[in-house]
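Coordinates as given in protein_8.cif (mmCIF, C-alpha atoms):
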data_final
loop_
_atom_site.label_atom_id
_atom_site.label_comp_id
_atom_site.auth_asym_id
_atom_site.auth_seq_id
_atom_site.Cartn_x
_atom_site.Cartn_y
_atom_site.Cartn_z
CA MET N 28 127.81 126.46 242.42
CA GLU N 29 128.57 127.54 238.89
CA LEU N 30 132.00 128.11 237.37
CA THR N 31 132.61 131.23 235.30
CA ARG N 32 135.50 133.25 233.92
CA PRO N 33 136.93 135.87 236.30
CA ASP N 34 134.85 138.54 234.50
CA GLY N 35 131.65 136.58 235.19
CA THR N 36 131.08 135.36 231.62
CA PRO N 37 130.53 131.65 230.89
CA LEU N 38 133.52 129.37 230.53
CA ARG N 39 134.35 128.27 226.98
CA VAL N 40 135.09 124.65 226.14
CA LEU N 41 136.20 123.26 222.78
CA VAL N 42 135.12 119.65 222.14
CA VAL N 43 137.16 117.78 219.50
CA ASP N 44 136.00 114.31 218.43
CA ASP N 45 135.42 112.81 214.99
CA GLU N 46 132.55 110.69 216.37
CA VAL N 47 129.65 113.09 215.90
CA ASN N 48 127.37 111.34 218.39
CA ILE N 49 129.95 111.51 221.18
CA ALA N 50 130.79 115.15 220.41
CA GLU N 51 127.09 116.02 220.54
CA LEU N 52 126.49 114.27 223.86
CA VAL N 53 129.56 115.83 225.47
CA SER N 54 128.55 119.27 224.18
CA MET N 55 125.05 118.88 225.60
CA ALA N 56 126.43 117.91 229.01
CA LEU N 57 128.75 120.93 229.05
CA ARG N 58 126.00 123.33 227.97
CA TYR N 59 123.94 121.88 230.82
CA GLU N 60 126.69 123.21 233.11
CA GLY N 61 126.10 126.69 231.64
CA TRP N 62 129.30 126.74 229.56
CA GLN N 63 129.77 127.94 225.99
CA VAL N 64 130.76 125.09 223.69
CA ALA N 65 132.39 124.92 220.25
CA VAL N 66 132.81 121.62 218.38
CA ALA N 67 135.35 120.36 215.84
CA HIS N 68 135.52 116.94 214.16
CA THR N 69 139.04 117.18 212.66
CA GLY N 70 142.43 118.29 213.90
CA SER N 71 142.74 121.17 211.43
CA LYS N 72 139.28 122.48 212.35
CA ALA N 73 140.17 122.19 216.03
CA VAL N 74 143.26 124.34 215.60
CA SER N 75 141.44 127.06 213.64
CA THR N 76 138.46 127.02 216.03
CA ALA N 77 140.73 127.29 219.06
CA ARG N 78 142.38 130.36 217.51
CA GLU N 79 139.03 132.12 217.08
CA PHE N 80 137.11 130.75 220.10
CA ARG N 81 139.93 131.09 222.69
CA PRO N 82 138.65 128.22 224.89
CA ASP N 83 139.25 127.98 228.63
CA ALA N 84 139.60 124.20 228.27
CA VAL N 85 139.68 121.57 225.52
CA VAL N 86 138.25 118.04 225.42
CA LEU N 87 140.46 116.41 222.79
CA ASP N 88 140.17 112.99 221.13
CA MET N 89 143.58 111.37 220.57
CA MET N 90 142.58 109.72 217.28
CA LEU N 91 141.40 112.13 214.57
CA PRO N 92 141.08 111.59 210.80
CA ASP N 93 143.77 114.07 209.71
CA PHE N 94 146.33 114.29 212.52
CA ASP N 95 146.39 113.05 216.08
CA GLY N 96 145.51 114.82 219.31
CA LEU N 97 149.15 115.36 220.27
CA GLU N 98 149.75 117.37 217.10
CA VAL N 99 146.51 119.34 217.68
CA LEU N 100 147.69 120.14 221.19
CA ARG N 101 151.13 121.23 219.99
CA ARG N 102 149.57 123.63 217.47
CA MET N 103 147.01 125.00 219.93
CA ARG N 104 149.64 125.56 222.60
CA SER N 105 151.65 127.69 220.16
CA THR N 106 148.94 130.38 220.41
CA ASN N 107 147.37 129.53 223.79
CA PRO N 108 150.15 127.96 225.87
CA ASP N 109 148.21 127.52 229.12
CA VAL N 110 144.89 126.05 227.93
CA PRO N 111 144.06 122.93 229.98
CA VAL N 112 143.34 119.78 227.96
CA VAL N 113 141.54 116.53 228.78
CA PHE N 114 142.43 113.78 226.28
CA LEU N 115 139.85 111.20 225.19
CA THR N 116 141.16 107.88 223.97
CA ALA N 117 139.85 104.44 223.13
CA ARG N 118 143.21 102.97 224.13
CA ASP N 119 144.16 102.44 227.75
CA ALA N 120 147.86 101.71 227.27
CA VAL N 121 150.35 103.20 229.71
CA GLU N 122 152.51 104.60 226.88
CA ASP N 123 149.51 106.54 225.53
CA ARG N 124 148.91 108.14 228.92
CA VAL N 125 152.58 109.04 229.26
CA ALA N 126 152.71 110.45 225.70
CA GLY N 127 149.61 112.57 226.27
CA LEU N 128 150.69 113.95 229.63
CA THR N 129 154.28 114.50 228.48
CA ALA N 130 152.96 116.55 225.57
CA GLY N 131 151.18 118.81 228.03
CA GLY N 132 147.77 117.21 228.43
CA ASP N 133 146.35 117.79 231.90
CA ASP N 134 144.12 114.74 232.24
CA TYR N 135 143.11 111.58 230.44
CA VAL N 136 139.72 109.80 230.09
CA THR N 137 139.38 106.42 228.40
CA LYS N 138 136.36 105.57 226.24
CA PRO N 139 133.71 104.53 227.04
CA PHE N 140 133.47 107.13 229.76
CA SER N 141 130.85 108.63 232.05
CA LEU N 142 129.82 112.17 231.16
CA GLU N 143 129.60 112.92 234.89
CA GLU N 144 133.26 111.93 235.30
CA LEU N 145 134.35 114.04 232.34
CA VAL N 146 132.46 117.10 233.64
CA ALA N 147 133.90 116.60 237.13
CA ARG N 148 137.45 116.46 235.77
CA LEU N 149 136.89 119.56 233.65
CA ARG N 150 135.49 121.46 236.62
CA ALA N 151 138.51 120.51 238.73
CA LEU N 152 140.92 121.51 235.95
CA MET N 153 139.28 124.87 235.39
CA ARG N 154 139.11 125.65 239.09
CA ARG N 155 142.86 125.09 239.22
CA THR N 156 143.39 127.46 236.28
CA GLY N 157 141.50 130.41 237.72
CA ALA N 158 137.79 129.93 237.02
CA GLN N 159 135.54 131.63 239.56
CA GLN N 160 132.77 129.98 241.57
CA VAL N 161 129.55 131.94 241.75
CA THR N 162 126.23 131.05 243.29
CA SER N 163 123.74 130.25 240.59
CA THR N 164 120.04 130.91 240.90
CA PRO N 165 118.29 127.70 241.95
CA MET N 166 115.04 128.55 240.14
CA LEU N 167 114.22 127.43 236.60
CA VAL N 168 111.15 129.01 234.99
CA VAL N 169 109.53 128.15 231.65
CA GLY N 170 106.12 129.74 231.08
CA ASP N 171 103.97 129.05 234.14
CA LEU N 172 106.17 126.10 235.18
CA SER N 173 108.82 126.64 237.86
CA LEU N 174 111.37 124.29 239.43
CA ASP N 175 113.53 125.01 242.48
CA GLU N 176 116.82 123.10 242.13
CA ASP N 177 117.61 123.44 245.85
CA SER N 178 114.29 122.51 247.46
CA HIS N 179 113.16 120.22 244.58
CA GLU N 180 109.76 121.94 244.59
CA VAL N 181 107.88 122.16 241.29
CA PHE N 182 104.86 124.37 240.54
CA ARG N 183 102.69 124.87 237.50
CA GLY N 184 100.36 127.87 237.57
CA GLY N 185 101.12 128.16 241.29
CA GLU N 186 99.97 124.60 242.02
CA PRO N 187 102.54 122.23 243.57
CA ILE N 188 103.46 119.09 241.62
CA ALA N 189 104.98 116.06 243.37
CA LEU N 190 107.68 114.28 241.35
CA THR N 191 109.89 111.27 241.95
CA ALA N 192 113.67 111.81 241.92
CA THR N 193 113.98 110.55 238.32
CA GLU N 194 110.99 112.59 237.11
CA PHE N 195 112.57 115.66 238.72
CA GLU N 196 115.91 115.08 236.94
CA LEU N 197 114.15 114.59 233.61
CA LEU N 198 112.10 117.75 234.04
CA ARG N 199 115.18 119.71 235.14
CA PHE N 200 117.01 118.64 231.97
CA LEU N 201 114.05 119.65 229.79
CA MET N 202 113.71 123.01 231.58
CA ARG N 203 117.43 123.76 231.27
CA ASN N 204 117.01 123.35 227.50
CA PRO N 205 113.67 125.03 226.72
CA ARG N 206 112.54 124.98 223.07
CA ARG N 207 115.46 122.68 222.21
CA VAL N 208 114.65 119.25 220.79
CA LEU N 209 116.39 116.63 222.94
CA SER N 210 116.94 113.16 221.53
CA LYS N 211 116.30 110.00 223.54
CA ALA N 212 120.06 109.33 223.54
CA GLN N 213 120.79 112.76 225.02
CA ILE N 214 118.11 112.32 227.69
CA LEU N 215 119.29 108.81 228.55
CA ASP N 216 122.86 109.90 228.93
CA ARG N 217 122.12 112.96 231.04
CA VAL N 218 119.34 111.64 233.27
CA TRP N 219 120.32 107.96 233.58
CA ASN N 220 124.10 108.39 233.07
CA TYR N 221 124.37 105.56 230.56
CA ASP N 222 127.56 105.52 228.50
CA PHE N 223 126.16 106.34 225.06
CA GLY N 224 123.55 103.57 225.12
CA GLY N 225 120.67 102.13 227.08
CA GLN N 226 116.98 101.46 226.62
CA ALA N 227 115.16 104.27 224.84
CA ASN N 228 111.79 102.99 226.04
CA VAL N 229 112.60 104.09 229.60
CA VAL N 230 112.63 107.67 228.26
CA GLU N 231 109.19 107.23 226.69
CA LEU N 232 107.88 105.80 229.95
CA TYR N 233 109.12 108.68 232.10
CA ILE N 234 107.99 111.29 229.57
CA SER N 235 104.49 109.79 229.89
CA TYR N 236 104.73 109.97 233.71
CA LEU N 237 105.77 113.63 233.51
CA ARG N 238 102.98 114.49 231.09
CA LYS N 239 100.38 113.08 233.48
CA LYS N 240 101.66 115.37 236.23
CA ILE N 241 102.70 118.49 234.28
CA ASP N 242 100.24 118.61 231.37
CA ALA N 243 97.12 116.81 232.66
CA GLY N 244 94.09 119.12 232.29
CA ARG N 245 96.29 121.98 231.05
CA GLU N 246 97.76 123.24 227.80
CA PRO N 247 100.59 120.79 227.03
CA MET N 248 104.21 121.90 227.45
CA ILE N 249 105.99 118.62 226.61
CA HIS N 250 105.87 117.81 222.90
CA THR N 251 107.02 114.80 220.89
CA MET N 252 108.98 115.60 217.73
CA ARG N 253 108.51 112.40 215.76
CA GLY N 254 111.83 110.78 214.91
CA ALA N 255 113.79 113.51 216.72
CA GLY N 256 112.94 113.53 220.42
CA TYR N 257 111.13 115.77 222.87
CA VAL N 258 110.87 119.49 223.50
CA LEU N 259 109.51 121.52 226.40
CA LYS N 260 108.16 125.00 225.72
CA PRO N 261 105.69 127.44 227.28
CA ALA N 262 102.06 126.56 226.64
CA ASP N 263 101.47 129.84 224.82
CA ALA N 264 104.52 129.41 222.54
#
Structure re-expressed in structure tokens:
Amino acid sequence: MELTRPDGTPLRVLVVDDEVNIAELVSMALRYEGWQVAVAHTGSKAVSTAREFRPDAVVLDMMLPDFDGLEVLRRMRSTNPDVPVVFLTARDAVEDRVAGLTAGGDDYVTKPFSLEELVARLRALMRRTGAQQVTSTPMLVVGDLSLDEDSHEVFRGGEPIALTATEFELLRFLMRNPRRVLSKAQILDRVWNYDFGGQANVVELYISYLRKKIDAGREPMIHTMRGAGYVLKPADA
């Protein structure tokens, strides 16, 4: 089930974190959910972006280079008083939690965190604030490759392809982001749920497994972008 705005358009989430790598991984996970994402790396940029973007929810780091998350929240709430906020913090002290929630934050996640947990909390928050659940189409199609998210069936050119559970998750992530270069870190975090780390060689290994099943004897769809990551695109692209 997919969450949308009441008018059927994608939910908008503003991600605010001065750590570029974390902001990028969180953004990728939220786009994977089908949401629109804007990113800011400073408090002042967060406030101006929130004014223009009008997010349905905000993922907000407590520690920013110019002013802290509580001040960002205060300024955002002056123009959008009801926007739900999940604070990110590297500190797990009780007084920080109390300060954040007293200031109007709706939830609190301590770094390092699981992206799955963050997404689950955001989904729960946005359901409570009026997002609509709609049935999403279970079929992903890129060129002559198709993947059914419900039945876990995969076909290329009409021929069935048998995948393991991990191969299926990797292919699903690639197919949800066609023509987009995905780094090993992004793939690791989404498919293996590692907290911003892990062994990059497991990605190479599973990419090679997928290639043998998806691309063997056919025009290749999975491409290596040296030094950047991997991209899946139609064979005729």
query: Which residues fall under the PyMOL selection byres ((chain N and resi 46) around 12) in this file, as a ChimeraX atom specification?
result: /N:42-45,47-53,66-69,87-92,115-117,138,223
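Residue selection for this entry, given the PyMOL selection byres ((chain N and resi 245) around 12), comprises Asp171, Leu172, Arg183, Gly184, Glu186, Arg238, Lys239, Lys240, Ile241, Asp242, Ala243, Gly244, Glu246, Pro247, Met248, Ile249, Pro261, Ala262 and Asp263 of chain N.
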Using the file's own x, y and z axes, so that the box edges lie along x, y and z, what centre and edge lengths in Å (one decimal) does a box around every listed atom of range 236-240 of chain N get when 8 Å is added on each side? Give it as AutoDock Vina command-line options.
--center_x 103.1 --center_y 112.7 --center_z 233.7 --size_x 21.4 --size_y 21.4 --size_z 21.1
task: Determine the residue membership of the PyMOL selection byres ((chain N and resi 143) around 12) for the file above and supply it as an MDAnalysis selection string.
output: chainID N and resid 52:53 55:57 59:60 136 140:142 144:150 216:222
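Proximity ranking of N:Val258, N:Asp109, N:Pro33, N:Pro165 relative to Leu197 in chain N places N:Val258 first, based on only C-alpha atoms.
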- request: Please indicate the distance in Å from CA of Pro37 in chain N to CA of Gly61 in chain N, rounded to one decimal place.
  value: 6.7 Å
statement: In Å and to one decimal, CA of Met166 in chain N is distant from CA of Asn204 in chain N by 13.8 Å
message: Could you tell me how far CA of Ala84 in chain N sits from CA of Val112 in chain N, in Å to one decimal place?
response: 5.8 Å
Would you be able to write out as a compact mmCIF listing (two decimals) with C-alpha atoms, in the coordinates of the input which residues have an atom within 10 Å of (148.1, 125.6, 223.9) in the file's coordinates, counting only C-alpha atoms?
# COMPACT_ATOMS: atom_id res chain seq x y z
CA VAL N 74 143.26 124.34 215.60
CA ALA N 77 140.73 127.29 219.06
CA ARG N 78 142.38 130.36 217.51
CA ARG N 81 139.93 131.09 222.69
CA PRO N 82 138.65 128.22 224.89
CA ALA N 84 139.60 124.20 228.27
CA VAL N 85 139.68 121.57 225.52
CA VAL N 99 146.51 119.34 217.68
CA LEU N 100 147.69 120.14 221.19
CA ARG N 101 151.13 121.23 219.99
CA ARG N 102 149.57 123.63 217.47
CA MET N 103 147.01 125.00 219.93
CA ARG N 104 149.64 125.56 222.60
CA SER N 105 151.65 127.69 220.16
CA THR N 106 148.94 130.38 220.41
CA ASN N 107 147.37 129.53 223.79
CA PRO N 108 150.15 127.96 225.87
CA ASP N 109 148.21 127.52 229.12
CA VAL N 110 144.89 126.05 227.93
CA PRO N 111 144.06 122.93 229.98
CA VAL N 112 143.34 119.78 227.96
CA GLY N 131 151.18 118.81 228.03
CA GLY N 132 147.77 117.21 228.43
query: Which residue gives the smallest distance to Leu209 in chain N among N:Ala192, N:Val230, N:Met153, N:Ala73, with all atoms listed in the file counted?
result: N:Val230
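Candidate residues N:Asp133, N:Glu231, N:Asp95, N:Glu196 were compared for distance to Val113 in chain N, and the nearest is N:Asp133, using all atoms listed in the file.
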task: Determine, counting only C-alpha atoms, which protein, DNA and RNA residues have an atom within 10 Å of an atom of Val229 in chain N; residues of the same chain fewer than 4 positions away are not included. Present the result as a list in words.
output: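 That gives Lys211, Leu215, Trp219, Gly225, Tyr233, Ile234 and Ser235 of chain N.
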Env of Met202 in chain N: 7 Å cut, atoms = only C-alpha atoms, seq-sep filter 6 positions within chain, self excluded. Answer as a PDB file with C-alpha atoms, in the coordinates of the input.
ATOM      1  CA  LEU N 167     114.220 127.430 236.600  1.00  0.00           C
ATOM      2  CA  VAL N 169     109.530 128.150 231.650  1.00  0.00           C
ATOM      3  CA  LEU N 259     109.510 121.520 226.400  1.00  0.00           C
TER       4      LEU N 259
END
